[in-house]
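Note: the block below is structure-v3.cif and it holds mmCIF, C-alpha atoms.
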data_entry
loop_
_atom_site.label_atom_id
_atom_site.label_comp_id
_atom_site.auth_asym_id
_atom_site.auth_seq_id
_atom_site.Cartn_x
_atom_site.Cartn_y
_atom_site.Cartn_z
CA MET A 90 11.79 13.79 16.42
CA GLY A 91 12.10 15.01 12.84
CA LYS A 92 9.40 15.44 10.21
CA LEU A 93 8.52 14.43 6.65
CA PHE A 94 7.43 16.96 4.03
CA LEU A 95 5.81 15.73 0.80
CA VAL A 96 6.72 18.37 -1.77
CA PRO A 97 4.98 18.45 -5.18
CA THR A 98 7.23 19.46 -8.08
CA PRO A 99 6.28 20.86 -11.52
CA ILE A 100 4.92 18.41 -14.08
CA GLY A 101 6.46 20.47 -16.86
CA ASN A 102 6.49 24.23 -16.43
CA LEU A 103 9.03 25.14 -13.75
CA GLU A 104 7.03 28.27 -12.88
CA ASP A 105 4.50 25.99 -11.17
CA ILE A 106 6.77 25.44 -8.15
CA THR A 107 5.31 27.25 -5.15
CA LEU A 108 7.10 29.73 -2.92
CA ARG A 109 6.36 27.47 0.04
CA ALA A 110 7.85 24.45 -1.71
CA ILE A 111 11.05 26.41 -2.39
CA ARG A 112 11.28 27.46 1.26
CA VAL A 113 10.76 23.92 2.54
CA LEU A 114 13.36 22.49 0.17
CA LYS A 115 15.83 25.07 1.44
CA GLU A 116 15.11 24.37 5.10
CA VAL A 117 15.05 20.56 5.31
CA ASP A 118 18.13 18.56 6.25
CA ALA A 119 17.99 16.38 3.14
CA ILE A 120 15.82 15.48 0.15
CA LEU A 121 14.54 12.04 -0.82
CA ALA A 122 14.37 11.92 -4.62
CA GLU A 123 12.83 9.45 -7.05
CA ASP A 124 15.64 10.27 -9.49
CA THR A 125 18.52 12.34 -8.11
CA ARG A 126 19.47 13.49 -11.61
CA THR A 127 16.00 14.87 -12.39
CA SER A 128 15.64 16.45 -8.95
CA GLY A 129 19.19 17.74 -9.17
CA ASN A 130 18.27 19.72 -12.30
CA LEU A 131 15.32 21.29 -10.48
CA LEU A 132 17.38 22.13 -7.40
CA ARG A 133 20.07 23.76 -9.53
CA HIS A 134 17.38 25.83 -11.26
CA LEU A 135 16.13 26.92 -7.83
CA GLU A 136 19.71 27.49 -6.58
CA ILE A 137 19.22 25.00 -3.75
CA SER A 138 22.03 22.76 -2.53
CA LYS A 139 20.97 19.85 -0.32
CA PRO A 140 22.12 16.23 0.12
CA MET A 141 19.85 13.81 -1.74
CA THR A 142 18.97 10.18 -1.05
CA PRO A 143 17.49 7.94 -3.78
CA PHE A 144 13.95 6.81 -2.95
CA HIS A 145 12.17 5.04 -5.79
CA ILE A 146 9.92 2.09 -6.55
CA ARG A 147 12.87 -0.32 -6.79
CA ASN A 148 14.32 0.41 -3.34
CA GLU A 149 11.52 1.85 -1.20
CA HIS A 150 10.72 -1.45 0.54
CA GLN A 151 14.38 -1.84 1.52
CA VAL A 152 15.08 1.70 2.74
CA VAL A 153 11.79 2.88 4.25
CA GLU A 154 12.63 1.80 7.82
CA ARG A 155 16.13 3.25 7.60
CA ILE A 156 14.74 6.59 6.45
CA ALA A 157 12.15 6.59 9.22
CA ASP A 158 14.99 5.92 11.68
CA ARG A 159 16.68 9.09 10.44
CA MET A 160 13.57 11.15 11.20
CA GLU A 161 13.18 9.54 14.61
CA ALA A 162 16.75 10.64 15.26
CA GLY A 163 15.79 14.23 14.48
CA GLU A 164 16.25 14.79 10.73
CA THR A 165 13.62 16.71 8.76
CA LEU A 166 13.31 15.32 5.24
CA ALA A 167 11.47 16.27 2.04
CA LEU A 168 10.22 13.69 -0.44
CA VAL A 169 9.99 14.67 -4.10
CA THR A 170 9.25 12.66 -7.23
CA ASP A 171 10.27 13.38 -10.80
CA ALA A 172 7.09 15.40 -11.31
CA GLY A 173 3.84 15.98 -9.45
CA THR A 174 2.73 15.01 -5.96
CA PRO A 175 4.44 12.11 -4.16
CA ALA A 176 2.37 8.93 -3.68
CA ILE A 177 0.07 9.68 -6.65
CA SER A 178 1.18 6.82 -8.96
CA ASP A 179 4.65 7.46 -7.53
CA PRO A 180 6.62 6.34 -4.45
CA GLY A 181 5.52 7.76 -1.11
CA PHE A 182 2.74 5.67 0.40
CA LEU A 183 5.01 3.18 2.19
CA LEU A 184 7.04 5.95 3.81
CA VAL A 185 3.97 7.91 4.90
CA ARG A 186 2.47 4.76 6.41
CA GLU A 187 5.68 4.06 8.34
CA CYS A 188 5.80 7.63 9.63
CA VAL A 189 2.17 7.43 10.78
CA LYS A 190 2.93 4.13 12.49
CA ARG A 191 5.84 5.67 14.39
CA GLY A 192 4.16 8.96 15.21
CA ILE A 193 6.43 11.00 12.92
CA GLU A 194 4.74 14.18 11.68
CA VAL A 195 3.88 14.23 7.98
CA GLU A 196 2.94 17.37 6.05
CA CYS A 197 1.93 17.39 2.40
CA LEU A 198 2.18 20.66 0.52
CA PRO A 199 -0.45 21.46 -2.13
CA GLY A 200 0.86 21.67 -5.64
CA PRO A 201 1.05 20.19 -9.14
CA THR A 202 -0.51 16.87 -10.08
CA ALA A 203 -1.33 15.92 -13.65
CA PHE A 204 -4.84 14.54 -13.28
CA VAL A 205 -6.44 17.72 -11.87
CA PRO A 206 -5.88 20.02 -14.89
CA ALA A 207 -6.65 17.12 -17.23
CA LEU A 208 -9.99 16.52 -15.51
CA VAL A 209 -10.99 20.17 -15.29
CA ASN A 210 -10.21 21.03 -18.90
CA SER A 211 -11.72 17.82 -20.32
CA GLY A 212 -15.26 19.23 -20.37
CA LEU A 213 -16.52 16.05 -18.68
CA PRO A 214 -18.35 16.07 -15.32
CA ALA A 215 -15.92 16.71 -12.46
CA GLU A 216 -18.22 16.70 -9.41
CA LYS A 217 -17.48 13.01 -8.88
CA PHE A 218 -14.70 11.03 -10.52
CA ILE A 219 -12.66 7.85 -10.22
CA PHE A 220 -8.87 7.92 -10.38
CA GLU A 221 -7.41 4.59 -11.53
CA GLY A 222 -3.83 5.60 -12.32
CA PHE A 223 -2.06 3.15 -14.64
CA LEU A 224 -3.92 0.09 -15.91
CA PRO A 225 -2.27 -3.31 -15.37
CA HIS A 226 -0.02 -4.17 -18.30
CA LYS A 227 -0.94 -7.87 -18.44
CA LYS A 228 -2.50 -9.74 -15.51
CA GLY A 229 -5.92 -8.34 -14.66
CA ARG A 230 -5.94 -5.84 -17.51
CA GLN A 231 -9.12 -7.09 -19.21
CA THR A 232 -10.94 -7.30 -15.88
CA LYS A 233 -9.97 -3.72 -15.07
CA LEU A 234 -10.98 -2.50 -18.52
CA GLN A 235 -14.41 -4.05 -18.09
CA ALA A 236 -14.75 -2.39 -14.68
CA VAL A 237 -13.75 0.99 -16.12
CA ALA A 238 -16.34 0.59 -18.88
CA ASN A 239 -19.08 0.30 -16.25
CA TYR A 240 -18.04 3.12 -13.91
CA PRO A 241 -20.86 5.68 -13.63
CA TYR A 242 -18.51 8.62 -13.13
CA THR A 243 -15.75 10.26 -15.11
CA THR A 244 -12.66 8.05 -14.92
CA ILE A 245 -9.02 9.17 -15.01
CA LEU A 246 -6.18 6.98 -16.26
CA TYR A 247 -2.46 7.55 -16.66
CA GLU A 248 -0.73 6.06 -19.70
CA SER A 249 2.61 6.07 -21.46
CA PRO A 250 2.89 7.32 -25.05
CA PHE A 251 3.97 3.83 -26.14
CA ARG A 252 0.72 2.19 -24.96
CA LEU A 253 -1.74 5.02 -25.61
CA LEU A 254 -3.18 3.77 -28.91
CA LYS A 255 -3.56 0.21 -27.60
CA THR A 256 -5.35 1.45 -24.49
CA LEU A 257 -7.69 3.74 -26.46
CA GLN A 258 -8.52 0.93 -28.88
CA GLN A 259 -9.26 -1.46 -26.00
CA LEU A 260 -11.42 1.17 -24.30
CA ALA A 261 -13.37 1.61 -27.55
CA GLU A 262 -13.98 -2.15 -27.64
CA VAL A 263 -15.33 -2.38 -24.08
CA CYS A 264 -16.99 1.04 -23.80
CA GLY A 265 -18.20 1.56 -27.33
CA ALA A 266 -16.57 3.79 -29.92
CA GLU A 267 -18.95 6.69 -29.18
CA ARG A 268 -17.93 7.12 -25.52
CA GLN A 269 -16.52 10.63 -24.96
CA VAL A 270 -12.90 10.99 -23.92
CA CYS A 271 -10.22 13.65 -23.52
CA VAL A 272 -6.55 12.78 -23.84
CA SER A 273 -4.19 15.36 -22.34
CA ARG A 274 -0.55 15.29 -23.33
CA GLU A 275 2.46 17.36 -22.24
CA LEU A 276 0.40 19.32 -19.71
CA THR A 277 1.86 22.75 -18.77
CA LYS A 278 4.54 22.42 -21.46
CA ILE A 279 4.98 24.31 -24.74
CA HIS A 280 3.37 21.55 -26.80
CA GLU A 281 0.42 20.86 -24.48
CA GLU A 282 -2.42 19.09 -26.26
CA ASN A 283 -5.96 18.20 -25.18
CA ALA A 284 -7.63 15.94 -27.73
CA ARG A 285 -11.40 15.70 -27.12
CA GLY A 286 -14.06 13.65 -28.87
CA THR A 287 -15.37 10.11 -29.11
CA LEU A 288 -12.99 7.22 -28.56
CA ALA A 289 -13.15 6.50 -32.29
CA GLU A 290 -12.25 10.10 -33.15
CA VAL A 291 -9.38 10.27 -30.67
CA VAL A 292 -8.00 6.91 -31.85
CA GLU A 293 -7.97 8.25 -35.41
CA HIS A 294 -6.30 11.47 -34.25
CA PHE A 295 -3.43 9.74 -32.48
CA SER A 296 -3.04 7.10 -35.22
CA LYS A 297 -1.62 9.88 -37.39
CA LYS A 298 0.84 11.25 -34.83
CA ASP A 299 4.20 10.47 -33.31
CA ILE A 300 3.04 10.33 -29.68
CA LYS A 301 5.34 11.80 -27.03
CA GLY A 302 5.07 13.00 -23.46
CA GLU A 303 3.14 12.03 -20.35
CA ILE A 304 -0.50 11.09 -20.96
CA VAL A 305 -3.72 11.51 -18.96
CA ILE A 306 -6.92 9.88 -20.26
CA VAL A 307 -10.22 11.30 -18.96
CA LEU A 308 -13.09 9.00 -19.88
CA GLU A 309 -16.83 9.70 -19.74
CA GLY A 310 -18.78 7.59 -17.26
CA THR A 311 -21.85 5.52 -18.09
CA SER A 312 -24.05 8.45 -17.02
CA SER A 313 -23.89 11.15 -19.69
CA THR A 314 -25.22 13.82 -17.36
CA SER A 315 -23.61 15.54 -14.40
CA PRO A 316 -23.72 13.07 -11.44
CA ASP A 317 -25.37 15.46 -8.99
CA ASN A 318 -28.59 13.60 -8.26
CA ASP A 319 -29.10 12.49 -4.67
CA ASP A 320 -31.76 10.02 -3.53
CA SER A 321 -32.12 12.03 -0.33
CA GLU A 322 -33.65 14.87 -2.36
CA GLN A 323 -36.46 12.67 -3.65
CA GLU A 324 -39.81 12.83 -1.88
#
Turn the structure described in the file into structure tokens.
Amino acid sequence: MGKLFLVPTPIGNLEDITLRAIRVLKEVDAILAEDTRTSGNLLRHLEISKPMTPFHIRNEHQVVERIADRMEAGETLALVTDAGTPAISDPGFLLVRECVKRGIEVECLPGPTAFVPALVNSGLPAEKFIFEGFLPHKKGRQTKLQAVANYPYTTILYESPFRLLKTLQQLAEVCGAERQVCVSRELTKIHEENARGTLAEVVEHFSKKDIKGEIVIVLEGTSSTSPDNDDSEQE
């Protein structure tokens, strides 16, 4: 019986790859890659040569059983995405579930993921938070926006640069223009930016810019204070 390693890869700065991740990538039989071209660039940088198999959102339903068969036959595989930790708004969940179902060992290495630095450097409460990933583009979008507006805790969203302004404007409509927000862009890269302020202020800021890069939105919850109260402490 083989094994599956989930290997986080840098979200920008290549120095964020861990020594353990490098060792695992060198030792596995093959690498499952969301985009073999992107992962190929990383592997060349690390001077690692391994066979790669495409594993992405468009084919994962079709190939997951075949890949699990390979591990049952004895292969040890690593799953990587273009950036960050597999299965966090990226392919991975279906394969992990199939491995668990079959009794194939799964090990996830700690490493880069975009929402953690965005949350921590936002200045908003981080004791409790809600991670929503990407909002629906069309169906169910307004319902989700209304739900986000009423969450009591800090909420984290992923967004593309092409939809950022629209999303911020819609959040201002449902949450109120004075709700605090931090928009992190190009995390760990040379042009990293963390724009903090009210939704109105951040909308104005990005209205004047050519927006590029991966985006993380960290939105204040309905409670403006740190969510550390516990009913069990009341007498």
Picked residues, the PyMOL selection byres ((chain A and resi 214-219) around 7), as a VMD selection string: chain A and resid 208 to 209 212 to 213 220 to 221 242 to 245 315 to 316
State, in Å with one decimal place, the distance from CA of Ala266 (chain A) to CA of Val237 (chain A). 14.4 Å
Ala203 (chain A) environment, 12 Å, all atoms listed in the file, sequence neighbours closer than 5 positions dropped, as a PyMOL selection string: chain A and resi 97-102+105+172-175+177-178+208-210+220+222+245-248+272-278+303-307
With C-alpha atoms retained, write the just-selected residues as a CSV table (one decimal), keeping the file's coordinate frame.
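As a result, selection-v2.csv now contains:
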chain,number,residue,atom,x,y,z
A,97,PRO,CA,5.0,18.4,-5.2
A,98,THR,CA,7.2,19.5,-8.1
A,99,PRO,CA,6.3,20.9,-11.5
A,100,ILE,CA,4.9,18.4,-14.1
A,101,GLY,CA,6.5,20.5,-16.9
A,102,ASN,CA,6.5,24.2,-16.4
A,105,ASP,CA,4.5,26.0,-11.2
A,172,ALA,CA,7.1,15.4,-11.3
A,173,GLY,CA,3.8,16.0,-9.4
A,174,THR,CA,2.7,15.0,-6.0
A,175,PRO,CA,4.4,12.1,-4.2
A,177,ILE,CA,0.1,9.7,-6.6
A,178,SER,CA,1.2,6.8,-9.0
A,208,LEU,CA,-10.0,16.5,-15.5
A,209,VAL,CA,-11.0,20.2,-15.3
A,210,ASN,CA,-10.2,21.0,-18.9
A,220,PHE,CA,-8.9,7.9,-10.4
A,222,GLY,CA,-3.8,5.6,-12.3
A,245,ILE,CA,-9.0,9.2,-15.0
A,246,LEU,CA,-6.2,7.0,-16.3
A,247,TYR,CA,-2.5,7.6,-16.7
A,248,GLU,CA,-0.7,6.1,-19.7
A,272,VAL,CA,-6.6,12.8,-23.8
A,273,SER,CA,-4.2,15.4,-22.3
A,274,ARG,CA,-0.6,15.3,-23.3
A,275,GLU,CA,2.5,17.4,-22.2
A,276,LEU,CA,0.4,19.3,-19.7
A,277,THR,CA,1.9,22.8,-18.8
A,278,LYS,CA,4.5,22.4,-21.5
A,303,GLU,CA,3.1,12.0,-20.4
A,304,ILE,CA,-0.5,11.1,-21.0
A,305,VAL,CA,-3.7,11.5,-19.0
A,306,ILE,CA,-6.9,9.9,-20.3
A,307,VAL,CA,-10.2,11.3,-19.0
Residue members of the PyMOL selection byres ((chain A and resi 285-296) around 9) in the file shown, as a list in words: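 Selected by the PyMOL selection byres ((chain A and resi 285-296) around 9) here: Ser211, Gly212, Leu253, Leu254, Leu257, Gln258, Leu260, Ala261, Cys264, Gly265, Ala266, Glu267, Arg268, Gln269, Val270, Cys271, Val272, Ser273, Asn283, Ala284, Lys297, Lys298, Asp299, Ile300 and Leu308 of chain A.
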Just the number, please: distance in Å from CA of Leu198 (chain A) to CA of Leu168 (chain A), one decimal. 10.7 Å
Selected residue, from A:Gly200, A:Lys227, A:Glu149, A:Glu262, that lies nearest to Arg109 (chain A) when counting only C-alpha atoms: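 That would be A:Gly200, the residue with the smallest distance to Arg109 (chain A).
Here CA of Phe182 (chain A) stands at a distance of 11.8 Å from CA of Phe144 (chain A).
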Could you pull the residues within 12 Å of Val185 (chain A), counting all atoms listed in the file, minus those fewer than 5 positions along the same chain, as a PyMOL selection string? chain A and resi 92-95+149+153-154+156-157+160+166-168+175-176+180+190-197
Which centre and which edge lengths, in Å to one decimal, describe the axis-aligned box that holds all listed atoms of region 292-310 of chain A after 5 Å is added on each side, as lines of an AutoDock Vina configuration file?
center_x = -6.7
center_y = 10.0
center_z = -27.3
size_x = 34.1
size_y = 16.1
size_z = 30.1
Got a sec: who's within 9 Å of Ser138 (chain A), counting all atoms listed in the file, leaving out chain neighbours fewer than 6 positions off, as a count of residues only? 3
Contacts of Thr142 (chain A) within 8 Å, all atoms listed in the file, excl. fewer than 6 positions in-chain, as a list in words: Ala119, Ile120, Leu121, Ala122 and Thr125 of chain A
Give the answer as one residue: which of A:Arg159, A:Thr232, A:Ile137, A:Pro201 has the shortest atom-to-atom distance to Glu104 (chain A), using all atoms listed in the file?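 Distance minimum relative to Glu104 (chain A) lands on A:Pro201.
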With all atoms listed in the file as the atoms that count, which of A:Glu123, A:Gly181, A:Glu187, A:Pro199 lies nearest to Leu108 (chain A)?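 The shortest atom-to-atom distance to Leu108 (chain A) comes from A:Pro199.
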